[in-house]
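See below for the structure under consideration.
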Protein chains: 2
Amino acid sequence: MAVQPVVRESAIDEIRELLGDRLSTAPAVREQHGKDESWHPAHAPDAVAFPASTEEVAEIVRICARHRTPIIPFGTGTSLEGHLMAIQGGVSLDMSRMNRILRVNVEDLDVTVEPGVTRKQLNEYLRDTGLFFPIDPGADASLGGMTATRASGTNAVRYGTMRENVLSLTVVTPDGQIVRTARRARKSSAGYDLTRLFVGSEGTLGVITEITLRLYGIPEAIASAVCSFATLKGAVDTVITTIQSGIPIARIELLDEAMMDATNKFAGLSYPVQPTLFLEFHGTEAGVKEQSEMVQALAGENGGGDFRWTTKEEERSKLWQARHDAAYAVKALRPNASVWATDVCVPISRLAECILETRKDIDESGLMIPIVGHVGDGNFHLVVLIDPDDPVERDKIEKLNDRLVYRALAMEGTCTGEHGVGLGKMKFLEAEHGPGLALMRTLKKAIDPLNLMNPGKIVSI
Amino acid sequence: MAVQPVVRESAIDEIRELLGDRLSTAPAVREQHGKDESWHPAHAPDAVAFPASTEEVAEIVRICARHRTPIIPFGTGTSLEGHLMAIQGGVSLDMSRMNRILRVNVEDLDVTVEPGVTRKQLNEYLRDTGLFFPIDPGADASLGGMTATRASGTNAVRYGTMRENVLSLTVVTPDGQIVRTARRARKSSAGYDLTRLFVGSEGTLGVITEITLRLYGIPEAIASAVCSFATLKGAVDTVITTIQSGIPIARIELLDEAMMDATNKFAGLSYPVQPTLFLEFHGTEAGVKEQSEMVQALAGENGGGDFRWTTKEEERSKLWQARHDAAYAVKALRPNASVWATDVCVPISRLAECILETRKDIDESGLMIPIVGHVGDGNFHLVVLIDPDDPVERDKIEKLNDRLVYRALAMEGTCTGEHGVGLGKMKFLEAEHGPGLALMRTLKKAIDPLNLMNPGKIVSI
């Protein structure tokens, strides 16, 4: 698609008329909105708009459609696969001013928020209600961005991902219509699942302007534990048998030796530098005791040591913050490097094989790469440091990443469990979906015929 | 759309060449495939095909596309809103020969089946594995039909609906392509959610030919109970507080006085004719005890009597069969009548209000209509007997149904919680979805531009 600078200037002028100083073309602002937390090269948008309402978003979308100007929704800029790069220029829609919590329905266990609300902001707000929202990617991401990438995190093994926890959305479609995707009822068979159409669509089908999410009661009892293992295999096998036994564990996270070393250093902790599980149990007092005894027994059978318990809220927060900071902890080892956080997910029966083959592949490559993951879902990451300007290193890492993805695909897995496609995973979608990719292209063309919504991401048309 | 009989004869001839005697135009076969369990007038297809493989389905779809002939997938014929009526003629695709269980992955807690497998057949087959599939509409429906209508049932309050429990599908799209919608990994962010696009699409976007479903370990302990209440309000309030307390109850079903009377008669039971909850608890021995004590206490506060326990498997089966037979039990009261099973779902905070207003409306109408429902989800039904040839009765019932649906919509609910749209709920979709309905139409047109897949259902284009 050829860039049309003159037309775009008209679009920018019209948006400025609408938003006043909430439209910026300042180089620093544009630059900030053209990069994420990944190694992907930056692409700044032509302008950055800061809308304050659904109606403003709809008006901006209509202006951009008239002037054939791309729109890229922007949450907190923490994407990991280049989702927000303005590779065809256009207007970045920064949703940070739309950060109101609109309505908490304590009785229905749901909440409606604007997309700029972050996950921590929401849980802070909910504190006095006895409810919480469980989905927690590493970054304090916006709920709009989390919806758009179908994010998950450490609690997904028990509470599901954004796929299961978004009840309904308000979306501005590429023709400027405002669509509410579903009612607030817990279930419905009233037609096509518009909600799930937009969850994971990465801004390519429309702009999300309101999100209704499921909430959960804060459990009566919560206990977190850390368990070190003699071998990586022992740790992974413990996860697999825990899941297969149907124990309703809330969190079960793997950190390999390299990851534990980086985490100890970054968070000022002193856990043994061994393959380790971070675990958490939710339930009644009796239920938590029962679950944790079952998992402790399974860990013991697989070479795991005693659980180190953290039950005080402050300590637990510190433990999970350390887990959430995994990517930052690795980055701190080499501050000038960029992060390439890989992300595959396989059926749990193939998890040990997939992780062990990958560990062997890393060791043979001579690279220092920690493994960390939401292993209860079969999902894990390599946190790779890369100097994007070093073509030899980049080539080596790219080949390692390719092997990882094709290994996961050969095991009936997916090229991304939670980070999304963005730019980085597009090349694997043909291998993953086959004719399904053409169907995705059909959807994109039908809903966004002018190809203006985050163009060049997920599918190119 | 004008009927094109000559072209259709060519389609039928070509399908006969492919399938031999697995293509029937016998009047009795056509008639059987033109009616469901609802009151909607029958519409027989021009022919009935019995494919045996995905490849045969793809070939049939390609033949029908060439000859502009509609295709209506057919499971067990137990739909409740006229989904399978061949209102524009065409070929009914009876999936009953595709009834193989293709692969059970015990370690991954999943199974892949052909669409003609019924829910009872699957659970019978799984018996020795220690696993089960929880979704259970009243009828012993096919899993293909259950996927197509986004079915749920008594276990949805704990285990979710078909939306949450379909991992992946194989689908033949209207252009004759065979698409696998997702990998077998538990989660993925690799592009648009093709699986959820087809769950609930009622045969209007393609033909489902394989289904991969989540399975669950049979709990260590299962206990069912029956609890009678002094008032309907007391029963509903018990449900609401149970859900709001986050108790992981497996089943919590409401039967009002009229429903209990019909159920006692049909199933040879002798429960008190009072508003009643059927309950079930799943978990460890200790967990089940703990949960049931909590719910018993809540019931006591709302005028509920003591729980009557059934823990033996045979007794439990009898109890739940009685619940599943609700529609048949009501029908037995007036054997020549047809059943009009309504189906709304509201946020749980509005459930008491919605049910009590509806009960009042029924009482004022002078009709004898039982209420029954999956009240833990906010979902309930009226089981209405109707003589479709009596215009006065039909008009009275239609108005009652309209009032029920608009009442649910006004409470942020949906016009169908689990039965689907079919023909019966199309007129409410504009009120429910607003501009979302146009988006559904866009999807339908893009995927099925010739409008051959179960045409005239969900959205008309």
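Numbering starts fresh at 1 for the residues of each chain in the structure tokens, the chains themselves are lettered A, B, ... in the order given, and ligands are numbered from 1 as they appear.
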- Message: Please find the residues of chain A near chain B - the criterion being any atom within 7 Å, counting only C-alpha atoms - and write them as a PyMOL selection string.
- Response: chain A and resi 107-108+149-150+164+179-181+183-193+196-197+200-201+217+244+246+287+345-349+377+412-421+433+435-436+440+442-443+446+458
- Message: Give me, as an MDAnalysis selection string, the residues of range 169-276 of chain A that a backbone DSSP run labels strand (DSSP E or B).
- Response: chainID A and resid 169:172 178:180 207:214 216:217 221:229 251:255 276
- Item | Distance query Val375 in chain B at most 8 Å, only C-alpha atoms, self and fewer than 2 positions along chain excluded, as a PyMOL selection string | chain B and resi 236+239+252-254+351+373+377-380
- Task: For Val57 in chain B, list every protein, DNA or RNA residue within 12 Å, evaluated using only C-alpha atoms, and leave out those in the same chain fewer than 4 positions away; present the list as JSON, numbers by chain.
- Result: {"B": [15, 18, 19, 49, 50, 51, 52, 53, 61, 62, 63, 64, 71, 72, 73, 91, 92, 93, 94, 95, 97, 98, 115, 170, 171, 172, 173, 174, 175, 176, 177, 178, 206, 207, 208, 209, 210]}
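Proximity to Val48 in chain A was assessed for A:Leu167, A:Val392, A:Ala26, A:Ala65 counting only C-alpha atoms; the smallest distance is recorded for A:Ala26.
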- Message: List the spatial neighbours of Ala262 in chain A as a ChimeraX atom specification - criterion: any atom at most 10 Å away, only C-alpha atoms, same-chain residues fewer than 4 positions off excluded.
- Response: /A:257-258,266-269,273,326-333,370
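CA of Glu37 in chain A to CA of Arg22 in chain A spans 24.4 Å [interatomic distance, one decimal].
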